There are 4 protein chains.
Amino acid sequence: MNTFGHLLRLTTFGESHGPCLGGVLDGFPAGIDIDMDFLQHELDRRRPGQSALTTARKESDRAELLSGVFEGKSTGCPIGFLVRNEQARSADYDNLRDVFRPSHADYAYYYKYGIRDHRGGGRSSARETVARCVGGALAKMALRQAGIRVAAYTSQVGSIALKHDYSHYDLSLAETNPVRCPDPEAAKRMARLIADVKREGDTIGGVVTGVIQGCPPGIGEPVFGKLHAALGEAMLSINAAKGFEYGEGFAGVAARGSEQNDIFLPDGHGGVRTATNHSGGIQGGISNGNDIYFRVAFKPVATLLREQPTVNLRGEAVSLMARGRHDPCVVPRAVPIVEAMAALVILDFYLLSQASNVKNKG
Amino acid sequence: MNTFGHLLRLTTFGESHGPCLGGVLDGFPAGIDIDMDFLQHELDRRRPGQSALTTARKESDRAELLSGVFEGKSTGCPIGFLVRNEQARSADYDNLRDVFRPSHADYAYYYKYGIRDHRGGGRSSARETVARCVGGALAKMALRQAGIRVAAYTSQVGSIALKHDYSHYDLSLAETNPVRCPDPEAAKRMARLIADVKREGDTIGGVVTGVIQGCPPGIGEPVFGKLHAALGEAMLSINAAKGFEYGEGFAGVAARGSEQNDIFLPDGHGGVRTATNHSGGIQGGISNGNDIYFRVAFKPVATLLREQPTVNLRGEAVSLMARGRHDPCVVPRAVPIVEAMAALVILDFYLLSQASNVKNKG
Amino acid sequence: MNTFGHLLRLTTFGESHGPCLGGVLDGFPAGIDIDMDFLQHELDRRRPGQSALTTARKESDRAELLSGVFEGKSTGCPIGFLVRNEQARSADYDNLRDVFRPSHADYAYYYKYGIRDHRGGGRSSARETVARCVGGALAKMALRQAGIRVAAYTSQVGSIALKHDYSHYDLSLAETNPVRCPDPEAAKRMARLIADVKREGDTIGGVVTGVIQGCPPGIGEPVFGKLHAALGEAMLSINAAKGFEYGEGFAGVAARGSEQNDIFLPDGHGGVRTATNHSGGIQGGISNGNDIYFRVAFKPVATLLREQPTVNLRGEAVSLMARGRHDPCVVPRAVPIVEAMAALVILDFYLLSQASNVKNKG
Amino acid sequence: MNTFGHLLRLTTFGESHGPCLGGVLDGFPAGIDIDMDFLQHELDRRRPGQSALTTARKESDRAELLSGVFEGKSTGCPIGFLVRNEQARSADYDNLRDVFRPSHADYAYYYKYGIRDHRGGGRSSARETVARCVGGALAKMALRQAGIRVAAYTSQVGSIALKHDYSHYDLSLAETNPVRCPDPEAAKRMARLIADVKREGDTIGGVVTGVIQGCPPGIGEPVFGKLHAALGEAMLSINAAKGFEYGEGFAGVAARGSEQNDIFLPDGHGGVRTATNHSGGIQGGISNGNDIYFRVAFKPVATLLREQPTVNLRGEAVSLMARGRHDPCVVPRAVPIVEAMAALVILDFYLLSQASNVKNKG
């Protein structure tokens with residue numbers, strides 16, 4: 001099941017150590033200006049090797065668009081694309097051919113398919129998300145035209161968590177440090193923690209917060225296409241994701257209804273606004289015009305650069321010492337992936353919301 | 001979008017104050033024994049009016065199966081069903097015809113569709129979930145045959161949270177108290193809190209924990225059909241759900257990889273087992289044979305039995321005093337709904353996992 | 001797989017001798033006037049027992065709409081509905097419990113599911129199409145608002161075929177005779193043939209022609225959602241359908257390109273029109289604004305009121321004499337079903353064509 | 001809508017004059033031997049320039065598999081692939097930039113999307129089908145393992161039609177002549193007709209017959225996933241297809257039920273067989289174990305190498321003289337495409353039929 005979305009559908013393919021990752025974005029609206037510089041910029045944000053906090057694997061990560069674009073504009077036809085793998089060092093993984101890495105997908109894939117490409121995790125590698133970033137960048141180009149903006153940032157690394165919600169920060173600051181945290185002071189502490197963990201050959205988890213601004217009301221399809229359920233599914237499909245919440249989320253369960261309800265007020269133009277936004281911009285599964293915000297939990301990366309006991313294909317206990325190049329914390333590089341998936345969901349449901357109209361030619 | 005699932009598809013219809021809720025369960029395997037007593041038992045667990053902690057609305061909630069069953073067994077044809085609304089008191093809602101209830105779906109539906117059935121929340125009412133419980137009960141009958149068990153319980157109400165994870169409790173105790181908490185002492189404190197909140201005309205949130213036992217390895221479809229993403233989407237489609245996490249979830253982000261990795265050990269029969277289950281039974285989106293566990297956050301119910309300011313259809317500020325019969329806390333009645341959605345997801349992905357085999361007639 | 005459509009989705013359930021047929025129409029636009037008289041009129045056109053040419057089974061075929069309509073208008077929520085079976089005479093089928101009727105679905109169902117409801121063909125009965133007619137009637141109400149009209153008529157019974165294409169006839173005449181043929185003289189000959197065949201306990205096939213007028217250009221989704229492919233799939237899903245063609249169809253293969261091409265001409269308003277319509281209103285899978293026309297072949301009904309040899313569940317040769325009430329020719333009653341399926345397809349793809357637009361708020 | 005299939009899903013992308021055609025085959029079973037020679041052989045059968053009867057465009061049509069295969073076997077992960085365009089001569093199409101070719105998709109695409117890639121028909125070109133042949137060849141590798149064979153051949157060109165049904169011919173002879181007709185004498189006459197038509201700058205249509213042998217009973221999903229409806233949709237999605245029929249098809253409507261019914265006989269092993277196969281191997285939408293056969297009508301190619309009047313983007317009447325390289329008759333090259341689509345459908349529904357089983361671990 002390698003296709004995501006309803007009207008806007010991203011299909012991805014490729015393995016970590018194959019010739020390339022790639023995909024097809026289908027259902028993309030015609031006539032959208034395709035900004036290749038922006039596309040590359042988005043891939044650069046996810047690219048390995050961009051700072052001392054991330055994997056040392058070097059990839060230029062250049063996207064080739066193979067179809068669906070004519071003279072700089074989308075044509076409404078499917079956009080096929082490739083991102084080549086340049087620095088796959090498969091020999092690093094020879095020792096994994098017969099071994100299941102703890103808390104990796106190795107065993108589950110092997111059990112399910114009876115065969116697996118062990119090199120770099122094969123299909124289960126987070127390298128697959130480069131294809132999502134291509135799709136997400138294209139979706140952002142269309143959303144930009146509709147006045148919708150998608151942003152994300154690191155809000156927690158290990159136990160270091162931002163104190164305030166998104167509205168307290170200048171989100172553009174997130175891109176000024178390698179952790180992608182909009183609070184420069186916290187970013188420093190987070191970076192230090194990641195460096196410490198890395199030095200120990202260990203890894204650490206964290207949280208990414210996503211924010212969607214400018215989303216019109218009416219987006220979302222009850223009862224099984226609720227906007228927050230689609231966002232949750234999208235975020236949980238990202239490698240290492242362990243949880244999703246929106247609005248007040250888990251913390252809000254301790255509150256009273258009288259504290260959490262978002263009272264409606266006249267907006268002064270005959271419409272309504274809300275006094276607060278505890279709901280996170282979605283009510284009954286449908287956007288209400290407020291900012292949509294949500295949080296995604298990422299576990300510590302499973303690959304440790306230290307010895308671990310495990311079991312091989314023959315069911316024998318063995319010791320495993322990972323080689324290869326790995327992130328000590330996925331969260332900084334997960335930020336653009338969260339944005340990409342959010343952009344795909346919002347554009348998909350935006351298009352769905354257009355589909356309900358019958359012209360009156362009576 | 002009122003259909004859920006891939007091979008096993010539940011379509012639901014109906015409004016809170018229409019003649020009935022109903023649905024169609026399609027893709028259900030043939031030859032399964034249909035246990036009508038069990039089906040009714042499942043609906044009784046969700047039924048309103050079952051204790052002082054829940055809404056006073058009285059419904060017998062009897063399911064009529066209209067097709068797909070012949071001489072006590074499923075036939076492989078779609079199972080249509082109805083649950084009639086008996087005690088809809090629509091007049092209670094006359095004062096809501098022109099008014100948007102705070103933090104309800106009223107405004108979002110009205111904006112999206114330009115029309116809404118205001119009676120009891122119409123389609124956005126949690127009464128819709130009775131149809132899910134019918135589908136879930138049927139799914140449980142098939143899962144039972146495959147040795148898979150689904151359970152859920154209340155693990156938090158307001159700030160009162162269970163201290164331990166699911167493995168610490170006898171889950172069958174959950175059904176011995178109206179809160180559905182397997183810790184009888186905590187259940188009493190939770191019940192008291194709900195009663196207090198109700199007395200104040202207020203509401204409170206909570207958390208439901210779900211557990212799936214006996215699930216074989218190999219269930220789940222990467223990369224966009226990951227089992228936990230499907231569970232997350234399913235749970236977030238339940239009314240009032242605000243968050244989903246599995247395994248160590250949000251709490252686990254603060255740990256190191258070396259603490260969280262589930263080391264593989266020989267199982268003594270040539271296969272593998274894990275020393276721990278921090279992953280929550282799913283790795284790379286595929287079940288690994290361990291127990292699957294997850295948590296779902298529910299916000300405090302939006303309907304308060306006290307006066308709130310709001311806005312009407314004409315954009316005028318008005319004061320709203322809800323009538324009608326409402327739960328002060330959805331969590332006890334959400335327990336069977338969480339189970340129902342989990343059962344539907346697991347059976348659906350179980351069937352998907354069967355679909356990959358080509359016989360060798362070479 | 002009992003759901004049809006992409007954005008407009010009809011799910012049907014029910015068996016010939018169960019309590020009812022029913023369905024759910026999801027994705028239906030909000031705000032459409034629901035005309036219950038028209039709905040009943042459409043069901044009456046398909047109803048058994050309407051003339052001497054059709055089965056003697058008597059059913060009032062009244063549709064109950066259970067949801068999705070409020071104060072006479074659609075709400076955008078799913079429309080659940082039932083049509084009760086009133087005159088199921090299951091005892092007529094007792095002799096079929098262990099026997100496979102020749103050229104019926106009996107054996108294939110039994111082999112596939114290991115169980116079957118033998119009464120009146122169970123799920124495989126054409127009685128299922130009553131649910132399609134409910135969905136189709138609703139779709140027509142929405143299409144009417146968009147200025148799109150769907151019609152069908154009997155163009156062939158046995159070897160008696162109309163000489164001309166649809167444009168030659170006043171299609172409203174089709175409803176003036178029980179055969180539903182717009183050529184009154186041919187209708188009489190067809191009626192006589194059906195009566196003769198019936199007298200012999202035999203059956204006969206025929207062809208229904210469908211016409212869609214007022215369909216705007218731009219409807220259809222290449223390359224796997226071509227409008228004619230969707231129409232073909234829809235028509236072939238009707239019981240007893242054996243073939244589908246559109247435009248010049250099979251006959252057109254013998255022509256030269258120079259004879260069949262539809263030359264474009266200026267339409268006098270800056271746009272284009274075509275000199276001819278050999279294409280049948282669809283080019284490249286997309287409507288071009290011309291009338292869409294197609295033909296559907298229906299085989300002779302398999303149930304004969306005469307003795308036939310066959311085999312029972314134990315693999316023994318037996319002789320079968322069908323009882324029950326059966327149509328000697330399905331074509332007259334297939335006419336409204338062809339219309340219903342065409343209306344569902346066109347509204348679905350009409351909605352899809354709305355979904356590609358992104359507003360420019362730049 | 002560029003994805004086809006339910007569990008086995010082929011997504012295609014690319015335009016006639018872009019860098020490549022390509023696609024993703026998802027849901028392909030793991031562990032299938034990937035035979036690259038066979039794959040190339042299948043592409044060669046469809047390749048342009050293979051005989052004097054086809055377009056002179058020269059393409060080597062080599063498929064690159066980019067993922068989903070490891071050490072010669074499929075892994076269960078999506079198979080991405082490319083076929084490069086080598087001899088696109090876009091300048092041949094400069095005169096079409098502003099002009100709608102009669103009976104082509106030009107106008108419909110332009111109207112729908114507001115933009116179009118005019119070079120070689122862009123996305124609407126039959127060159128897209130090279131991607132289907134890659135998918136189909138892979139599907140055949142899996143079907144071969146299950147003992148299922150798919151074949152097709154030219155049964156009619158213009159008015160020259162084979163007299164007998166498929167069972168009368170040695171189908172392997174079809175590949176011994178450029179027309180792909182298993183009757184060598186008829187093949188010669190067909191070839192002569194195509195050559196004549198080509199000399200006149202004109203084109204001609206024809207019919208392809210498809211046959212599926214070894215398909216087990218029980219494949220097909222009523223009521224909206226009937227096997228013949230899926231085959232029909234698949235065939236009608238091929239460029240220039242105008243009609244589909246299976247079993248006796250349109251010709252069978254003139255027969256009596258007593259002539260067409262396939263009487264069941266004991267098969268001598270406790271099961272059943274049929275005395276005839278008028279049904280075409282499918283009853284009630286489900287395969288019954290007999291050979292499945294069907295016919296697909298293809299219209300004469302719209303591109304003529306002679307002058308035609310038409311209209312340009314500004315609505316002005318102009319005269320058009322096509323350049324470029326075109327087939328005078330698509331039928332010989334459509335044969336492998338019909339096989340490819342049939343193989344994709346059968347494998348998809350084969351997998352679906354596996355998905356209904358629940359193991360008994362009670």
# chains A, B, ... in the order shown; residues from 1 in each chain; ligands from 1
call {"tool": "residues_around", "arguments": {"residues": "Ala91 in chain D", "least_positions_apart": "3", "cutoff": "12 Å", "atoms": "only C-alpha atoms", "output": "JSON, numbers by chain"}}
result
{"D": [17, 87, 88, 94, 95, 96, 97, 118, 119, 120, 322, 323, 324]}
call {"tool": "write_last_selection", "arguments": {"atoms": "all heavy atoms", "output": "tab-separated table (two decimals), in the first residue's frame"}}
result
chain	number	residue	atom	x	y	z
D	17	HIS	N	6.19	12.64	-25.63
D	17	HIS	CA	7.44	13.32	-25.97
D	17	HIS	C	8.17	13.83	-24.74
D	17	HIS	O	9.04	14.69	-24.86
D	17	HIS	CB	7.15	14.45	-26.97
D	17	HIS	CG	6.84	13.93	-28.34
D	17	HIS	ND1	7.34	14.49	-29.47
D	17	HIS	CD2	6.09	12.89	-28.75
D	17	HIS	CE1	6.89	13.83	-30.52
D	17	HIS	NE2	6.13	12.86	-30.12
D	87	GLN	N	13.17	8.39	-29.49
D	87	GLN	CA	13.10	9.01	-30.81
D	87	GLN	C	11.90	9.96	-30.93
D	87	GLN	O	11.24	10.04	-31.95
D	87	GLN	CB	13.03	7.92	-31.90
D	87	GLN	CG	13.66	8.39	-33.20
D	87	GLN	CD	13.20	7.55	-34.39
D	87	GLN	OE1	12.23	6.81	-34.33
D	87	GLN	NE2	13.91	7.68	-35.49
D	88	ALA	N	11.64	10.69	-29.83
D	88	ALA	CA	10.59	11.69	-29.89
D	88	ALA	C	11.03	12.80	-30.84
D	88	ALA	O	12.08	13.39	-30.65
D	88	ALA	CB	10.34	12.25	-28.49
D	94	ASP	N	4.89	20.68	-34.15
D	94	ASP	CA	4.79	22.12	-33.95
D	94	ASP	C	3.51	22.70	-34.55
D	94	ASP	O	2.90	23.61	-34.00
D	94	ASP	CB	6.02	22.83	-34.57
D	94	ASP	CG	7.22	22.73	-33.64
D	94	ASP	OD1	7.07	22.21	-32.52
D	94	ASP	OD2	8.31	23.17	-34.05
D	95	ASN	N	3.11	22.12	-35.67
D	95	ASN	CA	1.91	22.66	-36.31
D	95	ASN	C	0.63	22.29	-35.56
D	95	ASN	O	-0.45	22.73	-35.92
D	95	ASN	CB	1.82	22.17	-37.78
D	95	ASN	CG	1.71	20.65	-37.84
D	95	ASN	OD1	2.19	19.94	-36.96
D	95	ASN	ND2	1.05	20.15	-38.89
D	96	LEU	N	0.76	21.47	-34.53
D	96	LEU	CA	-0.43	21.08	-33.76
D	96	LEU	C	-0.60	21.88	-32.48
D	96	LEU	O	-1.56	21.70	-31.75
D	96	LEU	CB	-0.34	19.59	-33.40
D	96	LEU	CG	-0.31	18.64	-34.58
D	96	LEU	CD1	-0.21	17.21	-34.10
D	96	LEU	CD2	-1.55	18.83	-35.44
D	97	ARG	N	0.38	22.74	-32.21
D	97	ARG	CA	0.36	23.49	-30.95
D	97	ARG	C	-0.96	24.20	-30.72
D	97	ARG	O	-1.49	24.22	-29.61
D	97	ARG	CB	1.52	24.48	-30.95
D	97	ARG	CG	1.59	25.40	-29.76
D	97	ARG	CD	2.78	26.35	-29.86
D	97	ARG	NE	3.99	25.79	-29.29
D	97	ARG	CZ	4.31	25.84	-27.99
D	97	ARG	NH1	3.48	26.43	-27.12
D	97	ARG	NH2	5.42	25.32	-27.54
D	118	HIS	N	1.05	19.42	-26.48
D	118	HIS	CA	0.54	19.06	-27.82
D	118	HIS	C	1.46	18.06	-28.53
D	118	HIS	O	1.11	17.54	-29.57
D	118	HIS	CB	0.45	20.32	-28.68
D	118	HIS	CG	1.82	20.89	-28.94
D	118	HIS	ND1	2.49	21.67	-28.00
D	118	HIS	CD2	2.67	20.78	-29.99
D	118	HIS	CE1	3.68	22.00	-28.48
D	118	HIS	NE2	3.82	21.48	-29.67
D	119	ARG	N	2.64	17.84	-27.97
D	119	ARG	CA	3.64	17.05	-28.70
D	119	ARG	C	3.28	15.57	-28.68
D	119	ARG	O	3.35	14.91	-27.65
D	119	ARG	CB	5.02	17.27	-28.05
D	119	ARG	CG	5.44	18.74	-28.05
D	119	ARG	CD	6.60	18.96	-27.10
D	119	ARG	NE	6.27	18.46	-25.77
D	119	ARG	CZ	7.16	18.20	-24.83
D	119	ARG	NH1	8.43	18.38	-25.07
D	119	ARG	NH2	6.77	17.77	-23.65
D	120	GLY	N	2.88	15.08	-29.82
D	120	GLY	CA	2.59	13.65	-29.96
D	120	GLY	C	1.38	13.21	-29.17
D	120	GLY	O	1.23	12.05	-28.84
D	322	ALA	N	-1.43	16.24	-40.93
D	322	ALA	CA	-0.62	15.63	-39.88
D	322	ALA	C	0.73	15.19	-40.43
D	322	ALA	O	0.83	14.71	-41.57
D	322	ALA	CB	-1.35	14.43	-39.30
D	323	ARG	N	1.76	15.42	-39.68
D	323	ARG	CA	3.04	14.77	-39.93
D	323	ARG	C	3.20	13.71	-38.82
D	323	ARG	O	2.23	13.26	-38.24
D	323	ARG	CB	4.16	15.80	-39.85
D	323	ARG	CG	4.16	16.74	-41.07
D	323	ARG	CD	5.45	17.55	-41.14
D	323	ARG	NE	5.58	18.47	-40.03
D	323	ARG	CZ	5.19	19.75	-40.05
D	323	ARG	NH1	4.63	20.26	-41.13
D	323	ARG	NH2	5.36	20.54	-39.00
D	324	GLY	N	4.40	13.34	-38.56
D	324	GLY	CA	4.61	12.35	-37.50
D	324	GLY	C	4.47	10.94	-38.06
D	324	GLY	O	4.26	10.74	-39.25
call {"tool": "closest_atom_pairs", "arguments": {"of": "chain B", "to": "chain C", "cutoff": "10 Å", "atoms": "only C-alpha atoms", "output": "CSV"}}
result
residue,atom,partner,partner_atom,distance
B:Met1,CA,C:Gly27,CA,6.7
B:Asn2,CA,C:Asp26,CA,6.7
B:Thr3,CA,C:Asp26,CA,8.5
B:Leu7,CA,C:Met1,CA,8.2
B:Leu8,CA,C:Met1,CA,9.3
B:Arg9,CA,C:Met1,CA,8.9
B:Thr11,CA,C:Val24,CA,7.7
B:Thr12,CA,C:Pro78,CA,7.8
B:Phe13,CA,C:Pro78,CA,5.5
B:Gly14,CA,C:Ser67,CA,4.9
B:Glu15,CA,C:Ser67,CA,6.4
B:Ser16,CA,C:Ser67,CA,9.8
B:His17,CA,C:Ser67,CA,9.5
B:Gly18,CA,C:Ser67,CA,6.4
B:Pro19,CA,C:Leu66,CA,6.2
B:Cys20,CA,C:Leu66,CA,6.8
B:Leu21,CA,C:Ser67,CA,8.2
B:Gly22,CA,C:Gly80,CA,7.6
B:Gly23,CA,C:Val24,CA,7.9
B:Val24,CA,C:Phe13,CA,7.1
B:Leu25,CA,C:Phe13,CA,9.1
B:Asp26,CA,C:Asn2,CA,6.7
B:Gly27,CA,C:Met1,CA,6.7
B:Pro29,CA,C:Tyr113,CA,8.3
B:Ala30,CA,C:Tyr113,CA,5.7
B:Gly31,CA,C:Ile115,CA,6.9
B:Leu65,CA,C:Pro19,CA,9.4
B:Leu66,CA,C:Pro19,CA,6.2
B:Ser67,CA,C:Gly14,CA,4.9
B:Gly68,CA,C:Gly14,CA,7.0
B:Val69,CA,C:Asp117,CA,8.5
B:Phe70,CA,C:Asp117,CA,6.2
B:Glu71,CA,C:Asp117,CA,8.7
B:Lys73,CA,C:Ile115,CA,8.5
B:Ser74,CA,C:Ile115,CA,8.4
B:Thr75,CA,C:Ile115,CA,5.9
B:Gly76,CA,C:Tyr113,CA,6.2
B:Cys77,CA,C:Arg123,CA,7.0
B:Pro78,CA,C:Phe13,CA,5.5
B:Ile79,CA,C:Phe13,CA,6.7
B:Gly80,CA,C:Phe13,CA,5.8
B:Phe81,CA,C:Phe13,CA,9.4
B:Leu82,CA,C:Leu66,CA,9.9
B:Tyr109,CA,C:Gly76,CA,9.3
B:Tyr110,CA,C:Thr75,CA,9.6
B:Lys112,CA,C:Gly76,CA,8.9
B:Tyr113,CA,C:Ala30,CA,5.7
B:Gly114,CA,C:Gly31,CA,7.3
B:Ile115,CA,C:Thr75,CA,6.0
B:Arg116,CA,C:Thr75,CA,6.2
B:Asp117,CA,C:Phe70,CA,6.2
B:His118,CA,C:Phe70,CA,9.6
B:Gly122,CA,C:Gly68,CA,9.3
B:Arg123,CA,C:Cys77,CA,6.9
B:Ser124,CA,C:Cys77,CA,9.6
call {"tool": "residues_around", "arguments": {"residues": "range 262-266 of chain A", "least_positions_apart": "3", "cutoff": "10 Å", "atoms": "only C-alpha atoms", "output": "ChimeraX atom specification"}}
result
/A:257-259,269-280 /B:100-104,107,302,308-312,314-318
call {"tool": "select_by_dssp", "arguments": {"residues": "range 16-117 of chain C", "states": "helix (DSSP H, G or I)", "output": "list of chain:residue names"}}
result
C:Met36, C:Asp37, C:Phe38, C:Leu39, C:Gln40, C:His41, C:Glu42, C:Leu43, C:Asp44, C:Arg45, C:Arg46, C:Ser90, C:Ala91, C:Asp92, C:Tyr93, C:Asp94, C:Asn95, C:Leu96, C:Asp106, C:Tyr107, C:Ala108, C:Tyr109, C:Tyr110, C:Tyr111, C:Lys112, C:Tyr113
call {"tool": "atom_distance", "arguments": {"atom1": "CA of Ala131 in chain C", "atom2": "CA of Lys226 in chain D"}}
result
17.1 Å
call {"tool": "residues_around", "arguments": {"residues": "Met190 in chain B", "least_positions_apart": "5", "cutoff": "10 Å", "atoms": "only C-alpha atoms", "output": "ChimeraX atom specification"}}
result
/B:154-161,178-181,184-185,195-196,206
call {"tool": "atom_distance", "arguments": {"atom1": "CA of Ser287 in chain C", "atom2": "CA of Pro217 in chain C"}}
result
4.8 Å
call {"tool": "atom_distance", "arguments": {"atom1": "CA of Glu42 in chain A", "atom2": "CA of Leu352 in chain A"}}
result
25.5 Å
call {"tool": "select_by_dssp", "arguments": {"residues": "range 60-132 of chain C", "states": "strand (DSSP E or B)", "output": "ChimeraX atom specification"}}
result
/C:63-65,69-70,73-74,79-84,99-100
call {"tool": "closest_residue", "arguments": {"among": "B:Ala297, B:Leu313, B:Val207, B:Leu231", "to": "Val345 in chain B", "atoms": "only C-alpha atoms"}}
result
B:Leu231
call {"tool": "residues_around", "arguments": {"residues": "range 240-253 of chain C", "least_positions_apart": "4", "cutoff": "9 Å", "atoms": "only C-alpha atoms", "output": "PDB file with C-alpha atoms, in the first residue's frame"}}
result
ATOM      1  CA  ALA C 126     -31.620  -8.944 -10.315  1.00  0.00           C
ATOM      2  CA  GLY C 205     -32.135 -11.365 -25.100  1.00  0.00           C
ATOM      3  CA  HIS C 228     -16.660   5.441 -21.350  1.00  0.00           C
ATOM      4  CA  LEU C 231     -19.911   3.650 -18.136  1.00  0.00           C
ATOM      5  CA  GLY C 232     -18.884   0.269 -19.478  1.00  0.00           C
ATOM      6  CA  GLU C 233     -18.019  -1.062 -16.042  1.00  0.00           C
ATOM      7  CA  MET C 235     -23.395  -1.356 -17.458  1.00  0.00           C
ATOM      8  CA  LEU C 236     -21.536  -4.654 -17.273  1.00  0.00           C
ATOM      9  CA  GLN C 260     -15.365   8.177 -38.819  1.00  0.00           C
ATOM     10  CA  ASN C 277     -20.715  12.516 -33.545  1.00  0.00           C
ATOM     11  CA  HIS C 278     -19.317   9.123 -34.432  1.00  0.00           C
ATOM     12  CA  SER C 279     -17.219   9.310 -31.266  1.00  0.00           C
ATOM     13  CA  GLY C 280     -20.280   9.160 -29.055  1.00  0.00           C
ATOM     14  CA  GLY C 281     -19.570  12.355 -27.151  1.00  0.00           C
ATOM     15  CA  ILE C 282     -16.317  11.180 -25.565  1.00  0.00           C
ATOM     16  CA  ILE C 292     -23.110  10.513 -25.216  1.00  0.00           C
ATOM     17  CA  TYR C 293     -24.691   7.326 -26.517  1.00  0.00           C
ATOM     18  CA  PHE C 294     -23.975   3.669 -25.907  1.00  0.00           C
ATOM     19  CA  ARG C 295     -25.504   0.212 -26.188  1.00  0.00           C
ATOM     20  CA  VAL C 296     -25.720  -2.653 -23.698  1.00  0.00           C
ATOM     21  CA  ALA C 297     -26.283  -6.291 -24.667  1.00  0.00           C
ATOM     22  CA  PHE C 298     -28.412  -8.499 -22.404  1.00  0.00           C
ATOM     23  CA  LYS C 299     -28.442 -12.256 -22.769  1.00  0.00           C
ATOM     24  CA  PRO C 300     -31.618 -14.339 -22.595  1.00  0.00           C
ATOM     25  CA  VAL C 301     -32.635 -14.948 -18.958  1.00  0.00           C
ATOM     26  CA  ALA C 302     -31.176 -18.228 -17.699  1.00  0.00           C
ATOM     27  CA  VAL C 330     -35.085  -8.603 -19.074  1.00  0.00           C
TER      28      VAL C 330
ATOM     29  CA  GLN D 156     -10.990  -8.764 -37.297  1.00  0.00           C
ATOM     30  CA  VAL D 157      -9.506  -5.951 -39.407  1.00  0.00           C
ATOM     31  CA  GLY D 158     -11.970  -3.753 -41.216  1.00  0.00           C
ATOM     32  CA  SER D 159     -14.590  -6.163 -42.573  1.00  0.00           C
ATOM     33  CA  ILE D 204      -8.911   1.169 -40.330  1.00  0.00           C
ATOM     34  CA  GLY D 205     -10.291  -0.458 -37.172  1.00  0.00           C
ATOM     35  CA  GLY D 206     -10.547  -4.016 -35.948  1.00  0.00           C
ATOM     36  CA  VAL D 207     -11.235  -6.425 -33.121  1.00  0.00           C
ATOM     37  CA  HIS D 228     -16.329  -9.260 -16.628  1.00  0.00           C
ATOM     38  CA  GLY D 232     -14.538  -4.464 -19.615  1.00  0.00           C
ATOM     39  CA  ALA D 241     -11.312   0.995 -27.695  1.00  0.00           C
ATOM     40  CA  LYS D 242     -15.000   1.409 -28.487  1.00  0.00           C
ATOM     41  CA  GLY D 243     -16.594  -1.776 -27.259  1.00  0.00           C
ATOM     42  CA  PHE D 244     -16.277  -4.893 -25.107  1.00  0.00           C
ATOM     43  CA  GLU D 245     -18.226  -8.120 -25.021  1.00  0.00           C
ATOM     44  CA  TYR D 246     -17.643 -11.493 -23.393  1.00  0.00           C
ATOM     45  CA  GLY D 247     -19.042 -14.949 -23.986  1.00  0.00           C
ATOM     46  CA  GLU D 248     -21.606 -14.730 -26.766  1.00  0.00           C
ATOM     47  CA  GLY D 249     -21.762 -10.957 -26.349  1.00  0.00           C
ATOM     48  CA  PHE D 250     -23.904  -8.876 -28.676  1.00  0.00           C
ATOM     49  CA  GLY D 252     -26.010 -13.811 -28.237  1.00  0.00           C
ATOM     50  CA  VAL D 253     -28.938 -11.485 -27.632  1.00  0.00           C
ATOM     51  CA  SER D 279     -21.242 -17.770 -20.776  1.00  0.00           C
ATOM     52  CA  GLY D 284     -22.800 -13.914 -11.785  1.00  0.00           C
ATOM     53  CA  VAL D 296     -12.551  -5.632 -27.825  1.00  0.00           C
ATOM     54  CA  ALA D 297     -13.453  -3.242 -30.661  1.00  0.00           C
ATOM     55  CA  PHE D 298     -10.891  -0.661 -31.791  1.00  0.00           C
ATOM     56  CA  LYS D 299     -11.844   2.254 -33.993  1.00  0.00           C
ATOM     57  CA  PRO D 300      -9.750   3.425 -36.917  1.00  0.00           C
TER      58      PRO D 300
END
